[in-house]
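Peer 1: Dumping the structure here so I can ask a few things about it.
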Amino acid sequence: MIDVTLEHVGKLFGTVKGVDDVHIQIKPGEFFTFLGPSGCGKTTTLRMIAGFYIPSSGRILFGNREVTGLPPHKRNTGMVFQNYALFPHLTVFENIAFGLQVRKKSKAEIKEKVEQAQRLVHLEGYGSRRIDQLSGGQQQRVALARALVIEPQILLLDEPLSNLDAKLREETRLEIKRLQLELGITTIYVTHDQSEAMSMSDRIMVMQGGVVQQIGSPQDIYNKPVNRFVASFIGETNLWEGTVERVEDGEAYVRLTPDTVIRGYCRNASSGNVIRPGSRITVSVRPERIREADAGSADETNTVQGDVVISEFTGVSMNYITETGFGPLKAMFLGQGHNLKASGDRVFLIIPKESVYFLNDGRE
Amino acid sequence: MIDVTLEHVGKLFGTVKGVDDVHIQIKPGEFFTFLGPSGCGKTTTLRMIAGFYIPSSGRILFGNREVTGLPPHKRNTGMVFQNYALFPHLTVFENIAFGLQVRKKSKAEIKEKVEQAQRLVHLEGYGSRRIDQLSGGQQQRVALARALVIEPQILLLDEPLSNLDAKLREETRLEIKRLQLELGITTIYVTHDQSEAMSMSDRIMVMQGGVVQQIGSPQDIYNKPVNRFVASFIGETNLWEGTVERVEDGEAYVRLTPDTVIRGYCRNASSGNVIRPGSRITVSVRPERIREADAGSADETNTVQGDVVISEFTGVSMNYITETGFGPLKAMFLGQGHNLKASGDRVFLIIPKESVYFLNDGRE
Amino acid sequence: SGGGASVQPAEKPAEKPAEKPADPPKPAEAKKLVIYTARDKTVVDEIVPKFKEQNPGVEVEVLTMGAQQVLERVRGEKANPQGDFWWGGTQSMFMTAADEDLLAAYKPTFAGTVPAQYKDGKDRWYGEMLLPEVIMYNPQMLKKEDAPKDWDDLLDPKYKGKILIRGVLASGTMRTIYSAMIFRQGAGDPAKGYEWLKKLDVNTKEYTQDPTNLYLKMARQEGSLSLWNLQDIMIQKETKNQPFDFIYPASGAPILVDGVGIIKGSKNEEIAKKFYEFLFEPKLRSELAEKLFQIPTRSDISKDTLPAWLKGIELKPMELDWATMAAKEKEWMDYWDQNIKGKGAK
Amino acid sequence: MKTPLEPAAPPVNRWTLLTSSRYFIYVLVAPLFLVLLAYVVFPFFQTFVDSFRIQGQFSMQNYAKFFSLKHSANLEALWTSVYISVISVITCAIVGVTMAFLLERYEFPGRKMLTVLAMVPMALPPLIGVLSFTFLYSESGIIPRTLKLWFDLEQVPFSLKGFWGVIMVHTFTMYTYFYMTASTAIKGLDPSLEEAAASLGAGRLYVWRRVILPMLTPAMVASSLLVFMISMASYTAPLIFGIDRTMTMQIYLSRTNGSLDMAATQSTILSIVSILFLLLMRWYQGLRSYQNASKGVSIHRTEVKSALGKYTAMALSTLGVTILLLPILVLVLISFSVDGTWTYQILPPEYTTRHYVELFTDSKTWRPIANSFEMSAIATLGNVLFGVAAAYAMVRLKFKGKFLLDLLIMLPWALPGTVVAVNLISAFSEPSVFSFNQVLIGTFWILPMAYFVRHLPLVFRSTSATLMQMDSSVEEAARNLGATWWYSFRRVVFPMALSGILAGTLLAFVQGIGEFVSSILLFTSRTSPISVEIFQRMYAFDFGTACAYGVLQIVLIVIVLFVTRKMTGGNAGTAI
Ligand SMILES: Nc1ncnc2c1ncn2[C@@H]1O[C@H](COP(=O)(O)OP(=O)(O)OP(=O)(O)O)[C@@H](O)[C@H]1O
Ligand SMILES: Nc1ncnc2c1ncn2[C@@H]1O[C@H](COP(=O)(O)OP(=O)(O)OP(=O)(O)O)[C@@H](O)[C@H]1O
Ligand SMILES: [Mg+2]
Ligand SMILES: [Mg+2]
């Protein structure tokens, strides 16, 4: 159990800014996730923690020990590389065993542990295969097993499940989580899969363009995004701009168009966001919060009408994009009991008051 | 617009069976998806279509022309490789331009098209970067742009979005779909993301261990899986085994345990599955179909009770695993209006009759 | 010698081209002469221009290489010879070549003036010059009086570690000297000869790779004594500024012959013959003796025309039976190589 | 649109039928075999036949004699040759890989210059080159004499002779094979592998032992083969240091004695040993895969290492290069000293520029240089064409007869130069189909051909080592984008393998310029190459001029090396 601290860490590639002023403290045994669009600096940050890049500025500490310039092999981190970085000249078994051999474990122990790791990633019987005889997903699993088997103090996972199918991904995810809890490994995880991030992480750091946007628990980030970027990046959301018309009983009335006013609670606002009549504001509503109105109740609070433009079936749910008077509106319904709408259908939708969230306008 | 036919195609690697007897006809302009667990032979099949592997058995036809042994460069397919296979000695621009240069397009046209492709994958301004100066996701986008820019007759995409964040993935997905519809490109897509497969595909082929399990539309596959494997691989499902007790009014009563009987419609059964009293059968219920019972209505049809073991928040939904008398039961609720349960809570759940699906028992 | 065996397989293809190139070759200009020579540049530059002067319009192409390489080349080109005249090589090499049927027979006009032991019985080669093998020393290290006077003096322990020998097996000259040393102790039973050579081996510091190395090491004082031929010692001493001198062994020296011959199948045989004759002209021989320390084989050159340095030396030959030596050389040298060489030094 | 398509369809089908045939691959590699048939099998066949023929009869007698225990000279020679070769491989590997590591892994001022200088020892002219070692390390050499003076010793403290002398000369002249291929391979190594190993806790040494060196296997195998075979066929070095019981010496003696059949037998056995080594290496290399398997293109390490490491590397590599260059410096020294004056002194007592004046005033000086460059360039061009094609076929294509291809290419490298030359003479002194019905002997073409045949393995080996490292899916991507084989080869394979090809090309070119052993048997007065010219000066004991000539040759080669480096930017292939 060790904590990892990044103090105002930055990294320049020549003149290109990879990461800028990352300042985080990851708690011992925490499961911490880096989330952000492609190219935002996740891998770069991870590589600095692993010791492959020396930060251009700032310090990195493991516990109280400064490791900023410590060579990678002295850090006792296990890393799954985004590009796998498997040893092509070694077999699957030898790849997984590598870290154990470095640690001078006995033959018998190595054999046992490697086989256990192979089972974990469902590669039993692949021990003597060469790396170039594996499928992409199998390679990724070898990379994962290789990092897990050494039970490092700090586990750095760079999109370790991106090439696995949902089933296996879920299983492996649980397994990683179990290991992490059991051994108290501090885990730093990079993923582009939000639901993965949401369900596994203790905390999430959202980055964009090398800059940290928000750090918080999954629920925080989802429900209380600090800005438009986070709101729209984490999960789907509808964003409309409007002007606060009045504030009554802790409820704000926001006019989006001359015809449309949306009501929501003032307390549902990003921090530092003061809701005053007349101020421009952004309204955020998650698609899955939107309900279908019964044909009769067309005049309930926040009921809007729209025309279906795109309807999409995803298995679990139906997604619609509708065109309303105040812009496009995405809505999402579980398949259950819902009768499919087709493109062109008119629908009435309710935006529940408690699901309306206010963001500062213009902040991106 | 060209159709692709695989006639009993198989591929052996030495003695290892990569793919066995794949027999499909992909319609002109169709968006066809290969789905299956890691190592099931998706890439292998794709590579045979692209011409990198010569099938050990069977024939491949593009339209009426047999192409089984045709060299890759004469097939006019565009492929995104699972490992990207970018040209490390060329810049981003040159990588994307490669296929156009082969086709002897004019300088001006190349420039225009490449820039357009760069915009498509959000890599404007990266044209002169070397490939090793890109992040993993950026590399994947270059690979994608390179394949799309040549507007091939057949597009082969091997997990082209696996390293992109949800936002970008969605955008790119729509873009691919648009291109495909606009140009009528026959597209074969490999993905491990089921919702992606579901929402984009005209048809899906589910494979396992090199063998085709089911070919059909997304709805078919989701709602009418032919066997346990497909049912559990595509989306989450609950599977319980039981014995048909009686059949009444087109409804089957299946006893799972001495205490529990589940009712469902006989017509909701996989094809070839005869439901007779006394036959062993597998009951499949999707977690998102399950509803929470009001505390009062504990004796509605198919109401079961369970204790929450794991509760998981994914942003969009809440997932629970509960322990019931007849095995674990997964349920999924949209976050909306749902009050969170914690581990240990007792819940009452309804399994709607119309959501019960019968599978042959034992078939895996 | 053993070379005969390999002649046969190579002979067959020789028949075909005999006619073929005969048809297409360029109009018989025959104004060209290709010489393969083991003579060094100085010699060539001395003689060839003179020949050209006498025979204007003849293009002379001289390819300088080691004698061994001349043999290899002539052998390889047997089917379609590219060279015309072989200028310079040891007696044994010419004998091997003659055995392998690589040389054309030609009886030059001066044939009678060359003693029988210096030419081939079938006129396939003639000795051009004589190479007495003598004791060489470095006067910077050793005073003339301290130098050995005869072969047997070389075995004196005081010369231990002072003698350098040019690698024996690879050198026709050295093989002959060593065989001569054995012969000297009685040809019937080489045991005594072996014994003698064993003692020489004890005193020998090193066997050097080639003449260049021998000179270098002698000059650089790694050793002070060697066995070498008179001509080269004189050339090194007089023209190359090297600290060498020689002692003519009292009991006589083995005198080797360096020969010439016309390559069989030569395309310019007439000119080759001209060159042959030219090379042996008494005037030229005297000049060469003067400038390049060559001792002619021709016995009819008047003593007066010979240079001063030669006059002081009585060329006393060691009594040798060349035929016996040729027959035994391989056996003796193999024995020496395997049982004597390097065994004594330690 | 339709009409032109239809008639076109059937031929496409027939062509498809052909190209998709399992045997099509043989159509592709046939030209390679044809060239080898013409220039290797055809000339060399006679040797093998001769070894079994005595007086026109089939006989194993020569082999019996070779292996008879009674006359152990042959066996002894075989053992010495193998022994020397194995040790040479090891020492060359140590020196070459160390230099490659120091110069490729650390960035410091002057590195680029050193990377080129480290290649220069391969330009050492064969004849005088070996001599310079005597001037340096023998009993009368500069270094022993200096030590003797400094420490006021009775005797020189050491002198290079015997076995270790041979090894020393071999190491100093042949380490470049390892250096060139290893630096190419280190450049092309996927940097993320080292990172992966480090993140698994492996220290630097461990990473070297378990990851880098094994990943360099193709390069090491390539250079081991080259060094082993050339050491087996080495003649001068053993001779100079008094190791004359070697296979090449035995062959030489047999030929001098006129026992051509025995010489053929010895040559055959020599090549069989080399082929066995080839087999061993192929087997070892085949055990594993060395192809970059990372997804995407790995990020290159841009991090500066510790300053200590940097300066140590700088110091060590400068020292290393200096030591390696010493023989050349000695040549320069000799070329400026007055012939015959440098005797017991440590350094030459009298200096002169006479040798250079002689050289530059002689109108005939430049002709041989032009000859050598021209002939070597032609041969190298051929080497690149066929060497790269063969390497490509070897690594990328699947066909039966790979071993045969490998063997035929390596064979001329495994035999002593004299044997190669003699074989070429006998094969091409008559018109044959392979020489387009021309007599090649005595023409300009025979020398380039000899260089071509002999140096083909250099390009072939170093290219195949690089190809083995290269991810093949990149090429597939090019094909998929519609590139024909040739286009993708030109635009993708070639640039990516460039550093390996270049290494082989430089080796072949430089070797071609210095080649002596077969040149001396094949040259004509119009095509006389530098090496023969130097030999002739040595033969006339114009030692200083010979050295001056050698220095001139080296200077020209150094210029070539620097220009090549400039032209390729020095980073060819680093992007692999
Ligand atoms: N060269 C090879 N030699 C032996 N087996 C191989 C080779 N290439 C692939 N395989 C095996 O064939 C099977 C199918 O591989 P394929 O790459 O088609 O899988 P995939 O469906 O693309 O999986 P993934 O989703 O993991 O990429 C795998 O089990 C793999 O191990
Ligand atoms: N060596 C380099 N030289 C210049 N720029 C670089 C280099 N390596 C990375 N970058 C840039 O730094 C930024 C951050 O890269 P990084 O690999 O950390 O992204 P990432 O968040 O991991 O993205 P992805 O999800 O696509 O893997 C990217 O814009 C990338 O282009
Ligand atoms: Mg990344
Ligand atoms: Mg795959």
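Going through the structure tokens in order, the chains are called A, B, and so on, while each chain numbers its residues from 1 and the ligands are numbered from 1 in the order shown.
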Which residues are close to Ile321 of chain A, i.e. within 8 Å by only C-alpha atoms, leaving aside same-chain residues fewer than 6 positions away? Reply as a PyMOL selection string.

Peer 2: chain A and resi 308-311+328-331

Peer 1: Please, which residues have at least one atom within 10 Å of an atom of ligand 2, using only C-alpha atoms and all ligand atoms, listed as a PyMOL selection string?

Peer 2: (chain A and resi 11-19+34-48+82-83+158-159+190-192+207-210) or (chain B and resi 123+126+129-141+162-165) or (chain D and resi 298-303)

Peer 1: Please report as a tab-separated table every residue of chain D lying within 9 Å of chain A, along with the nearest atom pair and their distance in Å (one decimal), using only C-alpha atoms.

Peer 2:
```
residue	atom	partner	partner_atom	distance
D:Asp190	CA	A:Ala85	CA	8.2
D:Pro191	CA	A:Ala85	CA	8.7
D:Ser192	CA	A:Ala85	CA	5.5
D:Leu193	CA	A:Ala85	CA	5.3
D:Glu194	CA	A:Ala85	CA	8.7
D:Glu195	CA	A:Phe52	CA	7.0
D:Ala196	CA	A:Ala85	CA	6.2
D:Ala197	CA	A:Gly99	CA	7.6
D:Ala198	CA	A:His73	CA	4.5
D:Ser199	CA	A:His73	CA	5.3
D:Leu200	CA	A:Gly99	CA	4.8
D:Gly201	CA	A:His73	CA	4.1
D:Ala202	CA	A:His73	CA	5.6
D:Gly203	CA	A:His73	CA	5.8
D:Arg204	CA	A:His73	CA	8.3
D:Tyr206	CA	A:Val102	CA	7.7
D:Arg210	CA	A:Phe98	CA	9.0
D:Val211	CA	A:Phe87	CA	7.5
D:Pro214	CA	A:His89	CA	7.2
D:Met215	CA	A:His89	CA	6.7
D:Leu287	CA	A:His89	CA	8.7
D:Arg288	CA	A:His89	CA	5.2
D:Ser289	CA	A:His89	CA	4.9
D:Tyr290	CA	A:His89	CA	5.3
D:Gln291	CA	A:Pro88	CA	6.4
D:Asn292	CA	A:Pro88	CA	6.6
D:Ala293	CA	A:Pro88	CA	6.1
D:Ser294	CA	A:Ala85	CA	5.1
D:Lys295	CA	A:Asn83	CA	4.5
D:Gly296	CA	A:Asn83	CA	6.4
D:Val297	CA	A:Asn83	CA	8.0
D:Ser298	CA	A:Asn83	CA	7.3
D:Arg301	CA	A:Phe52	CA	8.0
D:Thr302	CA	A:Tyr53	CA	8.3
D:Glu303	CA	A:Tyr53	CA	6.5
D:Val304	CA	A:Ile54	CA	8.7
```

Peer 1: B:Glu236, B:Glu151, B:Glu115, B:Asp259: which is nearest chain A, counting only C-alpha atoms?

Peer 2: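 For chain A, the nearest of the candidates is B:Glu236.
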
Peer 1: Let's see if you can do this: from backbone DSSP, list all helix (DSSP H, G or I) residues in segment 96-313 of chain D, as a PyMOL selection string.

Peer 2: chain D and resi 96-105+111-117+120-123+126-137+142-150+162-188+191-199+204-215+217-232+236-240+247-257+260-286+307-313

Peer 1: Using only C-alpha atoms, find the residues of chain C whose closest atom to chain D is at most 8 Å away, then write them as a count of residues only.

Peer 2: 51

Peer 1: Name the closest residue to chain B among the candidates A:Phe233, A:Tyr253, A:Phe326, A:Trp240; distances are taken between atoms, counting only C-alpha atoms.

Peer 2: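 Checking each of A:Phe233, A:Tyr253, A:Phe326, A:Trp240 against chain B, counting only C-alpha atoms, the winner is A:Phe233.
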
Peer 1: Just the residues within 8 Å of segment 175-179 of chain A, please, counting only C-alpha atoms, with nothing from its chain fewer than 5 positions along; format it as a tab-separated table (two decimals) with C-alpha atoms, in the first residue's frame.

Peer 2:
```tsv
chain	number	residue	atom	x	y	z
A	120	LEU	CA	-6.87	-15.63	-15.04
A	184	GLY	CA	-4.05	-3.37	-1.71
A	185	ILE	CA	-2.29	-2.46	-4.92
A	200	MET	CA	-14.28	0.39	-11.13
```

Peer 1: Mind giving me the straight-line distance from atom CA of Ser363 of chain D to atom CA of Ile235 of chain C in Å, one decimal?

Peer 2: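 Distance between the two atoms: 25.8 Å.
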
Peer 1: Using only C-alpha atoms and all ligand atoms, which residue out of A:Ser128, A:Thr324, A:Asn273, A:Thr243 lies closest to ligand 1?

Peer 2: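 When distances to ligand 1 are compared using only C-alpha atoms and all ligand atoms, the smallest one comes from A:Ser128.
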
Peer 1: According to DSSP computed on the backbone, where in segment 36-211 of chain C is there strand (DSSP E)? Give the residues as a PyMOL selection string.

Peer 2: chain C and resi 36-37+59-64+85-90+103-104+126-137+163-166+204-208

Peer 1: Generate the output file for the selected residues, N, CA, C and O atoms, as a short mmCIF file (atom, residue, chain, number, x, y, z; two decimals), in the first residue's frame.

Peer 2:
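Result file follows (part-v9.cif):
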```cif
data_model
loop_
_atom_site.label_atom_id
_atom_site.label_comp_id
_atom_site.auth_asym_id
_atom_site.auth_seq_id
_atom_site.Cartn_x
_atom_site.Cartn_y
_atom_site.Cartn_z
N TYR C 36 53.04 -12.77 -67.92
CA TYR C 36 52.80 -12.97 -66.50
C TYR C 36 54.15 -13.03 -65.83
O TYR C 36 54.97 -13.86 -66.18
N THR C 37 54.34 -12.17 -64.88
CA THR C 37 55.68 -12.16 -64.32
C THR C 37 55.69 -12.14 -62.80
O THR C 37 54.78 -11.62 -62.16
N GLU C 59 52.20 -4.15 -78.46
CA GLU C 59 51.65 -3.73 -77.17
C GLU C 59 52.03 -4.78 -76.14
O GLU C 59 51.68 -5.95 -76.28
N VAL C 60 52.75 -4.36 -75.11
CA VAL C 60 53.15 -5.33 -74.10
C VAL C 60 52.37 -5.09 -72.83
O VAL C 60 52.33 -3.98 -72.30
N GLU C 61 51.74 -6.16 -72.40
CA GLU C 61 50.96 -6.05 -71.18
C GLU C 61 51.64 -6.92 -70.13
O GLU C 61 51.79 -8.10 -70.33
N VAL C 62 52.06 -6.30 -69.05
CA VAL C 62 52.76 -7.08 -68.02
C VAL C 62 51.91 -7.15 -66.77
O VAL C 62 51.49 -6.13 -66.24
N LEU C 63 51.64 -8.34 -66.35
CA LEU C 63 50.89 -8.51 -65.12
C LEU C 63 51.82 -9.05 -64.05
O LEU C 63 52.32 -10.16 -64.16
N THR C 64 52.05 -8.23 -63.05
CA THR C 64 52.96 -8.64 -61.99
C THR C 64 52.21 -9.35 -60.89
O THR C 64 51.19 -8.85 -60.41
N PHE C 85 53.56 -15.32 -72.08
CA PHE C 85 54.92 -15.60 -71.63
C PHE C 85 54.98 -15.58 -70.12
O PHE C 85 54.43 -14.68 -69.48
N TRP C 86 55.63 -16.60 -69.59
CA TRP C 86 55.76 -16.69 -68.13
C TRP C 86 57.18 -16.32 -67.78
O TRP C 86 58.11 -17.04 -68.13
N TRP C 87 57.30 -15.26 -67.08
CA TRP C 87 58.61 -14.68 -66.83
C TRP C 87 58.89 -14.69 -65.33
O TRP C 87 58.40 -13.87 -64.58
N GLY C 88 59.64 -15.67 -64.95
CA GLY C 88 60.08 -15.71 -63.56
C GLY C 88 59.32 -16.71 -62.71
O GLY C 88 58.11 -16.66 -62.60
N GLY C 89 60.07 -17.64 -62.13
CA GLY C 89 59.47 -18.64 -61.27
C GLY C 89 60.52 -19.66 -60.93
O GLY C 89 61.53 -19.76 -61.64
N THR C 90 60.32 -20.39 -59.88
CA THR C 90 61.35 -21.33 -59.50
C THR C 90 61.34 -22.53 -60.43
O THR C 90 60.35 -22.80 -61.12
N LEU C 103 53.10 -25.64 -70.55
CA LEU C 103 54.13 -24.87 -71.25
C LEU C 103 54.37 -25.40 -72.65
O LEU C 103 54.30 -26.60 -72.89
N ALA C 104 54.63 -24.47 -73.55
CA ALA C 104 54.92 -24.86 -74.92
C ALA C 104 56.43 -25.11 -75.07
O ALA C 104 57.23 -24.42 -74.45
N TYR C 126 63.45 -22.44 -69.70
CA TYR C 126 64.88 -22.20 -69.59
C TYR C 126 65.15 -21.35 -68.38
O TYR C 126 64.39 -20.44 -68.05
N GLY C 127 66.26 -21.65 -67.72
CA GLY C 127 66.66 -20.79 -66.61
C GLY C 127 67.13 -19.46 -67.14
O GLY C 127 67.88 -19.39 -68.12
N GLU C 128 66.69 -18.39 -66.50
CA GLU C 128 67.10 -17.08 -66.96
C GLU C 128 68.29 -16.59 -66.14
O GLU C 128 69.23 -16.01 -66.64
N MET C 129 68.18 -16.85 -64.82
CA MET C 129 69.28 -16.39 -63.97
C MET C 129 69.49 -17.36 -62.83
O MET C 129 68.65 -18.20 -62.54
N LEU C 130 70.62 -17.19 -62.18
CA LEU C 130 70.99 -18.08 -61.10
C LEU C 130 70.82 -17.37 -59.77
O LEU C 130 71.10 -16.18 -59.64
N LEU C 131 70.34 -18.13 -58.82
CA LEU C 131 70.12 -17.55 -57.51
C LEU C 131 70.87 -18.37 -56.46
O LEU C 131 70.33 -19.33 -55.93
N PRO C 132 72.10 -18.02 -56.17
CA PRO C 132 72.81 -18.72 -55.11
C PRO C 132 72.16 -18.39 -53.78
O PRO C 132 71.83 -17.23 -53.52
N GLU C 133 71.93 -19.41 -52.99
CA GLU C 133 71.30 -19.20 -51.68
C GLU C 133 72.41 -19.07 -50.65
O GLU C 133 73.22 -19.98 -50.46
N VAL C 134 72.40 -17.93 -49.96
CA VAL C 134 73.53 -17.65 -49.08
C VAL C 134 73.06 -17.28 -47.68
O VAL C 134 71.88 -17.31 -47.40
N ILE C 135 74.01 -16.97 -46.84
CA ILE C 135 73.67 -16.55 -45.49
C ILE C 135 73.56 -15.03 -45.47
O ILE C 135 74.45 -14.32 -45.93
N MET C 136 72.46 -14.57 -44.95
CA MET C 136 72.21 -13.13 -44.93
C MET C 136 72.35 -12.64 -43.49
O MET C 136 71.98 -13.35 -42.57
N TYR C 137 72.89 -11.44 -43.32
CA TYR C 137 72.96 -10.92 -41.95
C TYR C 137 72.78 -9.42 -41.93
O TYR C 137 72.83 -8.76 -42.97
N ILE C 163 68.11 -16.17 -35.68
CA ILE C 163 67.81 -16.51 -37.07
C ILE C 163 66.33 -16.34 -37.40
O ILE C 163 65.46 -16.79 -36.66
N LEU C 164 66.08 -15.66 -38.49
CA LEU C 164 64.72 -15.56 -39.02
C LEU C 164 64.68 -16.31 -40.33
O LEU C 164 65.61 -16.20 -41.13
N ILE C 165 63.61 -17.07 -40.53
CA ILE C 165 63.52 -17.83 -41.77
C ILE C 165 62.21 -17.51 -42.44
O ILE C 165 61.17 -17.48 -41.79
N ARG C 166 62.28 -17.26 -43.72
CA ARG C 166 61.04 -17.03 -44.45
C ARG C 166 60.30 -18.37 -44.50
O ARG C 166 60.89 -19.42 -44.75
N THR C 204 66.35 -21.09 -34.66
CA THR C 204 65.45 -20.20 -35.40
C THR C 204 64.48 -19.52 -34.46
O THR C 204 63.80 -20.16 -33.67
N LYS C 205 64.41 -18.21 -34.60
CA LYS C 205 63.49 -17.47 -33.75
C LYS C 205 62.08 -17.49 -34.30
O LYS C 205 61.11 -17.66 -33.60
N GLU C 206 61.97 -17.33 -35.59
CA GLU C 206 60.65 -17.18 -36.16
C GLU C 206 60.67 -17.51 -37.64
O GLU C 206 61.68 -17.34 -38.31
N TYR C 207 59.55 -18.03 -38.11
CA TYR C 207 59.36 -18.20 -39.54
C TYR C 207 58.46 -17.09 -40.01
O TYR C 207 57.35 -16.91 -39.50
N THR C 208 58.90 -16.29 -40.95
CA THR C 208 58.07 -15.14 -41.35
C THR C 208 57.23 -15.48 -42.56
O THR C 208 57.55 -16.38 -43.33
#
```

Peer 1: When you draw a straight line from atom CA of Met234 of chain C to atom CA of Val260 of chain C, how long is it in Å?

Peer 2: 21.9 Å

Peer 1: Using only C-alpha atoms, which residues sit within 8 Å of Lys343 of chain C once same-chain residues fewer than 3 positions away are excluded, as a PDB file with N, CA, C and O atoms, in the first residue's frame?

Peer 2:
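As written to disk, out-v9.pdb reads:
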```pdb
ATOM      1  N   LYS C 198      66.837 -29.947 -37.283  1.00  0.00           N
ATOM      2  CA  LYS C 198      66.301 -29.811 -35.934  1.00  0.00           C
ATOM      3  C   LYS C 198      67.140 -28.816 -35.151  1.00  0.00           C
ATOM      4  O   LYS C 198      66.620 -27.956 -34.442  1.00  0.00           O
ATOM      5  N   ASP C 201      66.389 -25.440 -36.328  1.00  0.00           N
ATOM      6  CA  ASP C 201      65.107 -25.009 -35.780  1.00  0.00           C
ATOM      7  C   ASP C 201      65.272 -24.472 -34.361  1.00  0.00           C
ATOM      8  O   ASP C 201      64.608 -23.513 -33.961  1.00  0.00           O
ATOM      9  N   VAL C 202      66.171 -25.124 -33.624  1.00  0.00           N
ATOM     10  CA  VAL C 202      66.423 -24.654 -32.257  1.00  0.00           C
ATOM     11  C   VAL C 202      66.898 -23.209 -32.287  1.00  0.00           C
ATOM     12  O   VAL C 202      66.473 -22.375 -31.491  1.00  0.00           O
ATOM     13  N   ASN C 339      57.360 -32.837 -37.951  1.00  0.00           N
ATOM     14  CA  ASN C 339      58.155 -33.351 -36.833  1.00  0.00           C
ATOM     15  C   ASN C 339      59.268 -32.436 -36.343  1.00  0.00           C
ATOM     16  O   ASN C 339      59.781 -32.626 -35.255  1.00  0.00           O
ATOM     17  N   ILE C 340      59.638 -31.487 -37.157  1.00  0.00           N
ATOM     18  CA  ILE C 340      60.782 -30.674 -36.757  1.00  0.00           C
ATOM     19  C   ILE C 340      60.396 -29.243 -36.482  1.00  0.00           C
ATOM     20  O   ILE C 340      60.737 -28.685 -35.447  1.00  0.00           O
ATOM     21  N   LYS C 346      61.523 -24.489 -28.169  1.00  0.00           N
ATOM     22  CA  LYS C 346      61.116 -24.324 -26.768  1.00  0.00           C
ATOM     23  C   LYS C 346      62.115 -24.922 -25.783  1.00  0.00           C
ATOM     24  O   LYS C 346      62.849 -25.794 -26.062  1.00  0.00           O
TER      25      LYS C 346
END
```

Peer 1: Please report the interatomic distance between atom CA of Ile281 of chain B and atom CA of Leu359 of chain B in Å with one decimal.

Peer 2: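 Computing it gives 6.3 Å between the two atoms.
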